[in-house]
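So this one's start_2.csv, CSV, C-alpha atoms:
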chain,number,residue,atom,x,y,z
A,1,MET,CA,-136.2,-17.9,8.9
A,2,PRO,CA,-136.4,-17.5,12.6
A,3,GLN,CA,-134.8,-14.4,14.0
A,4,THR,CA,-133.6,-13.8,17.6
A,5,VAL,CA,-135.4,-10.8,19.2
A,6,ARG,CA,-134.9,-9.1,22.5
A,7,PHE,CA,-137.3,-7.0,24.6
A,8,ALA,CA,-138.0,-6.5,28.3
A,9,SER,CA,-140.6,-7.5,30.8
A,10,PRO,CA,-142.3,-4.6,32.6
A,11,ASP,CA,-139.9,-4.9,35.6
A,12,GLY,CA,-136.9,-4.6,33.2
A,13,THR,CA,-135.9,-8.2,33.0
A,14,PRO,CA,-134.3,-8.9,29.6
A,15,LEU,CA,-136.1,-11.4,27.5
A,16,VAL,CA,-135.0,-13.3,24.4
A,17,ALA,CA,-137.3,-15.1,21.9
A,18,SER,CA,-137.2,-16.6,18.4
A,19,HIS,CA,-139.5,-14.9,15.9
A,20,THR,CA,-140.7,-16.5,12.7
A,21,PRO,CA,-142.7,-13.9,10.7
A,22,ALA,CA,-145.7,-14.3,8.6
A,23,PRO,CA,-147.4,-12.2,5.8
A,24,PRO,CA,-149.3,-9.1,7.0
A,25,GLY,CA,-152.7,-9.8,8.6
A,26,ARG,CA,-152.0,-13.4,9.4
A,27,PRO,CA,-152.3,-14.8,12.9
A,28,ALA,CA,-149.4,-14.8,15.3
A,29,VAL,CA,-148.8,-17.2,18.2
A,30,VAL,CA,-146.6,-17.0,21.3
A,31,VAL,CA,-145.1,-20.4,22.2
A,32,VAL,CA,-144.3,-20.7,25.9
A,33,PRO,CA,-142.0,-23.6,27.0
A,34,GLY,CA,-142.4,-25.4,30.3
A,35,TYR,CA,-140.3,-25.3,33.5
A,36,GLN,CA,-136.6,-25.8,32.8
A,37,SER,CA,-137.2,-25.9,29.0
A,38,ARG,CA,-136.2,-23.3,26.4
A,39,LYS,CA,-137.2,-22.0,23.0
A,40,GLU,CA,-134.9,-24.3,21.1
A,41,ASN,CA,-137.0,-27.3,22.3
A,42,HIS,CA,-140.0,-25.9,20.5
A,43,ALA,CA,-138.6,-25.0,17.1
A,44,ASP,CA,-140.6,-27.8,15.5
A,45,TYR,CA,-143.8,-26.2,16.6
A,46,ALA,CA,-142.8,-22.8,15.2
A,47,GLU,CA,-142.0,-24.5,11.9
A,48,ALA,CA,-145.5,-26.1,11.9
A,49,LEU,CA,-147.1,-22.7,12.6
A,50,SER,CA,-145.1,-21.2,9.8
A,51,ARG,CA,-146.2,-23.9,7.3
A,52,ALA,CA,-149.8,-23.0,8.3
A,53,GLY,CA,-149.2,-19.4,7.5
A,54,MET,CA,-149.0,-18.2,11.1
A,55,ALA,CA,-146.2,-16.2,12.8
A,56,ALA,CA,-144.5,-17.6,15.9
A,57,LEU,CA,-142.7,-16.1,18.8
A,58,VAL,CA,-141.1,-18.8,21.0
A,59,LEU,CA,-140.2,-17.2,24.3
A,60,ASP,CA,-137.5,-18.0,26.9
A,61,VAL,CA,-139.3,-17.1,30.2
A,62,ARG,CA,-137.2,-15.4,32.8
A,63,GLY,CA,-134.6,-17.6,34.3
A,64,HIS,CA,-134.7,-19.9,31.3
A,65,GLY,CA,-132.6,-20.1,28.1
A,66,GLU,CA,-131.1,-16.8,27.1
A,67,SER,CA,-133.4,-14.6,29.1
A,68,GLY,CA,-132.3,-12.9,32.3
A,69,GLY,CA,-133.5,-12.9,35.8
A,70,THR,CA,-134.7,-15.8,37.9
A,71,LEU,CA,-138.1,-17.4,37.8
A,72,ASP,CA,-140.6,-15.7,40.1
A,73,GLU,CA,-144.2,-14.4,40.3
A,74,ASN,CA,-143.6,-12.0,37.4
A,75,ALA,CA,-143.2,-14.8,34.8
A,76,LEU,CA,-146.8,-14.1,33.6
A,77,ASP,CA,-145.7,-10.5,32.8
A,78,ASP,CA,-143.1,-12.0,30.4
A,79,VAL,CA,-145.8,-13.7,28.4
A,80,ILE,CA,-147.9,-10.5,28.3
A,81,ALA,CA,-144.8,-8.7,27.1
A,82,ALA,CA,-144.3,-11.2,24.4
A,83,LEU,CA,-147.9,-10.7,23.3
A,84,ASP,CA,-147.4,-7.0,23.3
A,85,TRP,CA,-144.3,-7.4,21.2
A,86,LEU,CA,-146.3,-9.4,18.6
A,87,ALA,CA,-149.3,-7.0,18.8
A,88,GLN,CA,-147.0,-4.1,17.7
A,89,ARG,CA,-145.9,-6.0,14.6
A,90,HIS,CA,-148.8,-8.1,13.6
A,91,THR,CA,-152.3,-6.9,12.9
A,92,GLY,CA,-153.9,-10.4,12.8
A,93,PRO,CA,-155.4,-12.2,15.8
A,94,LEU,CA,-153.1,-13.5,18.5
A,95,GLY,CA,-152.9,-17.0,20.1
A,96,LEU,CA,-150.9,-18.9,22.6
A,97,ARG,CA,-149.5,-22.4,22.9
A,98,GLY,CA,-147.9,-23.5,26.1
A,99,SER,CA,-146.6,-26.7,27.6
A,100,SER,CA,-146.7,-27.6,31.4
A,101,MET,CA,-145.8,-24.4,33.2
A,102,GLY,CA,-146.0,-22.7,29.8
A,103,GLY,CA,-149.6,-24.0,29.5
A,104,TYR,CA,-150.4,-22.6,32.9
A,105,LEU,CA,-149.0,-19.2,32.0
A,106,SER,CA,-150.7,-19.3,28.6
A,107,VAL,CA,-154.2,-19.9,30.0
A,108,LEU,CA,-153.7,-17.0,32.4
A,109,ALA,CA,-152.3,-14.7,29.7
A,110,ALA,CA,-155.3,-15.5,27.5
A,111,GLU,CA,-157.6,-14.2,30.2
A,112,ARG,CA,-155.7,-10.9,30.5
A,113,HIS,CA,-154.6,-9.9,27.0
A,114,ARG,CA,-157.5,-8.5,24.9
A,115,ARG,CA,-155.9,-9.4,21.5
A,116,VAL,CA,-155.8,-13.2,22.3
A,117,ARG,CA,-158.5,-15.2,20.6
A,118,ALA,CA,-157.2,-18.8,21.1
A,119,VAL,CA,-155.0,-20.8,23.5
A,120,VAL,CA,-153.6,-24.3,23.4
A,121,ALA,CA,-152.3,-25.9,26.7
A,122,LEU,CA,-150.4,-29.2,26.6
A,123,CYS,CA,-150.4,-31.0,30.0
A,124,PRO,CA,-150.9,-27.7,31.7
A,125,ALA,CA,-149.5,-27.4,35.2
A,126,GLN,CA,-152.0,-26.6,38.0
A,127,ALA,CA,-151.2,-24.1,40.7
A,128,GLU,CA,-150.8,-26.8,43.3
A,129,THR,CA,-148.4,-28.7,41.1
A,130,LEU,CA,-146.2,-25.7,40.6
A,131,ARG,CA,-146.2,-24.9,44.3
A,132,ARG,CA,-145.2,-28.5,45.1
A,133,ARG,CA,-142.6,-29.1,42.4
A,134,ALA,CA,-141.0,-25.8,41.4
A,135,GLU,CA,-137.8,-24.7,43.0
A,136,PHE,CA,-139.0,-21.2,43.8
A,137,ASP,CA,-141.4,-19.4,46.1
A,138,LEU,CA,-144.8,-18.5,44.5
A,139,PRO,CA,-147.3,-18.3,47.4
A,140,ASP,CA,-150.2,-16.7,45.5
A,141,LEU,CA,-150.5,-18.6,42.2
A,142,PRO,CA,-153.9,-18.1,40.6
A,143,GLU,CA,-156.1,-21.1,40.0
A,144,LEU,CA,-156.7,-21.9,36.3
A,145,ALA,CA,-160.4,-22.6,36.9
A,146,ASP,CA,-160.8,-19.0,38.0
A,147,ASN,CA,-159.2,-17.7,34.8
A,148,VAL,CA,-161.1,-19.2,31.9
A,149,MET,CA,-164.1,-16.9,31.7
A,150,ARG,CA,-163.2,-14.1,29.3
A,151,PRO,CA,-165.6,-14.5,26.3
A,152,GLY,CA,-164.3,-14.7,22.8
A,153,VAL,CA,-161.3,-17.0,23.6
A,154,ALA,CA,-161.2,-20.6,22.3
A,155,ARG,CA,-159.4,-22.8,24.7
A,156,GLY,CA,-157.9,-26.2,23.8
A,157,TYR,CA,-156.5,-28.7,26.3
A,158,TRP,CA,-154.4,-31.8,25.3
A,159,HIS,CA,-153.1,-34.1,28.1
A,160,ALA,CA,-151.3,-37.4,28.1
A,161,ARG,CA,-153.1,-40.0,30.3
A,162,GLY,CA,-149.7,-41.4,31.2
A,163,ASP,CA,-148.4,-38.0,32.5
A,164,GLU,CA,-146.4,-38.8,35.6
A,165,THR,CA,-146.0,-35.1,36.7
A,166,VAL,CA,-149.4,-33.4,36.2
A,167,PRO,CA,-152.4,-35.7,36.6
A,168,TRP,CA,-154.7,-35.5,33.6
A,169,GLN,CA,-157.8,-35.4,35.8
A,170,GLY,CA,-157.0,-31.8,36.7
A,171,THR,CA,-157.2,-30.8,33.0
A,172,PHE,CA,-160.4,-32.8,32.6
A,173,ALA,CA,-161.9,-30.8,35.5
A,174,LEU,CA,-160.6,-27.6,34.0
A,175,ALA,CA,-162.3,-28.3,30.8
A,176,GLN,CA,-165.6,-28.9,32.6
A,177,VAL,CA,-165.7,-25.3,33.8
A,178,THR,CA,-164.4,-23.8,30.6
A,179,PRO,CA,-167.0,-22.1,28.4
A,180,GLN,CA,-167.4,-22.9,24.7
A,181,PRO,CA,-165.6,-22.8,22.4
A,182,ARG,CA,-163.3,-25.4,24.0
A,183,ARG,CA,-161.7,-28.7,23.2
A,184,LEU,CA,-160.4,-31.5,25.4
A,185,ARG,CA,-158.3,-34.4,24.2
A,186,VAL,CA,-156.8,-37.0,26.6
A,187,VAL,CA,-154.2,-39.0,24.8
A,188,LEU,CA,-153.8,-42.6,25.8
A,189,GLY,CA,-150.3,-43.4,27.2
A,190,GLY,CA,-147.5,-40.9,26.8
A,191,ASP,CA,-145.8,-38.9,29.5
A,192,HIS,CA,-145.5,-35.3,30.6
A,193,ARG,CA,-143.4,-34.2,27.6
A,194,SER,CA,-144.5,-36.6,24.9
A,195,LEU,CA,-147.2,-34.5,23.4
A,196,GLN,CA,-144.9,-31.6,22.6
A,197,HIS,CA,-143.3,-33.5,19.7
A,198,ASP,CA,-146.2,-35.8,18.8
A,199,PRO,CA,-146.8,-35.2,15.1
A,200,ARG,CA,-150.6,-35.8,15.4
A,201,VAL,CA,-150.9,-33.5,18.4
A,202,ILE,CA,-148.8,-30.8,16.6
A,203,ASP,CA,-151.2,-31.1,13.6
A,204,GLU,CA,-154.3,-31.0,15.8
A,205,THR,CA,-153.2,-28.0,17.8
A,206,VAL,CA,-152.1,-26.0,14.8
A,207,ALA,CA,-155.4,-26.7,13.2
A,208,PHE,CA,-157.2,-25.7,16.3
A,209,LEU,CA,-155.4,-22.4,16.4
A,210,GLY,CA,-155.9,-21.8,12.7
A,211,GLU,CA,-159.6,-22.4,13.0
A,212,HIS,CA,-160.1,-19.9,15.8
A,213,LEU,CA,-157.6,-17.3,14.7
A,214,ARG,CA,-159.4,-16.3,11.5
I'd like the structure from this file rewritten - as structure tokens, please.
Amino acid sequence: MPQTVRFASPDGTPLVASHTPAPPGRPAVVVVPGYQSRKENHADYAEALSRAGMAALVLDVRGHGESGGTLDENALDDVIAALDWLAQRHTGPLGLRGSSMGGYLSVLAAERHRRVRAVVALCPAQAETLRRRAEFDLPDLPELADNVMRPGVARGYWHARGDETVPWQGTFALAQVTPQPRRLRVVLGGDHRSLQHDPRVIDETVAFLGEHLR
């Protein structure tokens, strides 16, 4: 059963997440929701990870859900803190799965945290999209294409061709500069949020994580 857990980001911002444990030695995955979303919206993905024998930690990023603070340039530190929390409790490999802004943060976190071995990004926001659409000031957002070079990380990208918020072409271009192992799937139709709860995409992404978190 999922358990609500609390910890802090490095700047002291209180964070809340939902933790679904797994047997010792099994992989563990941080799930990062998108802008204006929250952990409850991704409970189905945590359940899918659990059925596959993986632990899940679904995070409320600062300024979202039950976590404190307001969304700012330290949101990436929240994801790193969640990975550290898992690393202290799980000896198996770590992964990430994020949607939209959460996909953006997940790709960046995978570049920075040495325990991460795989990341899945659904319709990942690009820096320019966040600068244009988000209701906060982030002048120095890193570009994803500059943060996919750490070896030993499998990176999977899924994007809906009908995404009205983040153009799929940006993810296509990102995949072209991402080293192997990588996967790109552009799904016909859909919209910016449709892949999050698409049963086929859930199965595919859980399988991708399971394959690369052995």
> When distances are computed from all atoms listed in the file, which of A:Ala22, A:Arg200, A:Asp11, A:Pro167 shows the smallest separation from His90 in chain A?
Replying inline: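 Among A:Ala22, A:Arg200, A:Asp11, A:Pro167, it is A:Ala22 that comes nearest to His90 in chain A.
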>> Restricting the calculation to all atoms listed in the file: of A:Tyr45, A:Tyr35, A:Trp85, A:Tyr157, which residue gets closest to Pro10 in chain A?
In response: A:Trp85
Kindly provide the residues of range 79-198 of chain A that approach range 47-63 of chain A to within 9 Å, each paired with its closest atom pair and their distance in Å to one decimal, based on all atoms listed in the file, listed by chain and increasing number, as a tab-separated table.
residue	atom	partner	partner_atom	distance
A:Val79	CA	A:Val61	CA	7.6
A:Ala82	CA	A:Leu59	CA	7.3
A:Leu83	CA	A:Leu57	CA	8.7
A:Leu86	CA	A:Leu57	CA	7.6
A:His90	CA	A:Ala55	CA	8.5
A:Gly102	CA	A:Val61	CA	8.7
>> Using Å and a single decimal, report how far CA of Ala28 in chain A sits from CA of Leu96 in chain A.
In response: 8.5 Å
>> Ranking A:Arg183, A:His19, A:Gln176, A:Ala160 by minimum distance to Asp198 in chain A and counting only C-alpha atoms, which one comes first?
In response: A:Ala160
> Do you have the CA of Leu195 in chain A-CA of Trp158 in chain A distance handy?
Replying inline: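 Rounded to one decimal, the two atoms are 7.9 Å apart.
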> Which of these residues is nearest to Gly68 in chain A, using all atoms listed in the file: A:His197, A:His159, A:Arg185, A:Arg6?
Replying inline: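 When distances to Gly68 in chain A are compared using all atoms listed in the file, the smallest one comes from A:Arg6.
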> What does the distance from CA of Val120 in chain A to CA of Arg161 in chain A come to in Å, to one decimal?
Replying inline: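 Pair CA of Val120 in chain A / CA of Arg161 in chain A returns 17.2 Å.
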> Which neighbours of range 146-148 of chain A fall inside 7 Å, counting all atoms listed in the file, when residues of the same chain fewer than 5 positions from it are skipped, and could you give them as a PyMOL selection string?
Replying inline: chain A and resi 108+111+178
> Residues around (-148.0, -25.5, 24.9), cut-off 7 Å, counting only C-alpha atoms - what are they as a PyMOL selection string?
Replying inline: chain A and resi 31-33+97-100+102-103+120-122
>> Need to verify the contact set: Val119 in chain A, 8 Å, only C-alpha atoms, exclusion of same-chain residues closer than 2 positions in sequence. Can you return it as a list in words?
In response: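 With the cut-off at 8 Å, the set is Gly95, Leu96, Arg97, Ser106, Val107, Ala110, Val116, Arg117, Ala121, Val153, Ala154, Arg155, Gly156 and Leu209 of chain A.
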> Between A:Thr70, A:Pro181, A:Leu76, A:Ala81, which has the minimum distance to Phe7 in chain A (counting all atoms listed in the file)?
Replying inline: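 Going through A:Thr70, A:Pro181, A:Leu76, A:Ala81 one by one, the smallest distance to Phe7 in chain A is for A:Ala81.
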> Out of A:Pro199, A:Gly210, A:Pro27, A:Gly34, which residue has the shortest atom-to-atom distance to Ala125 in chain A when counting all atoms listed in the file?
Replying inline: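 Closest candidate: A:Gly34.
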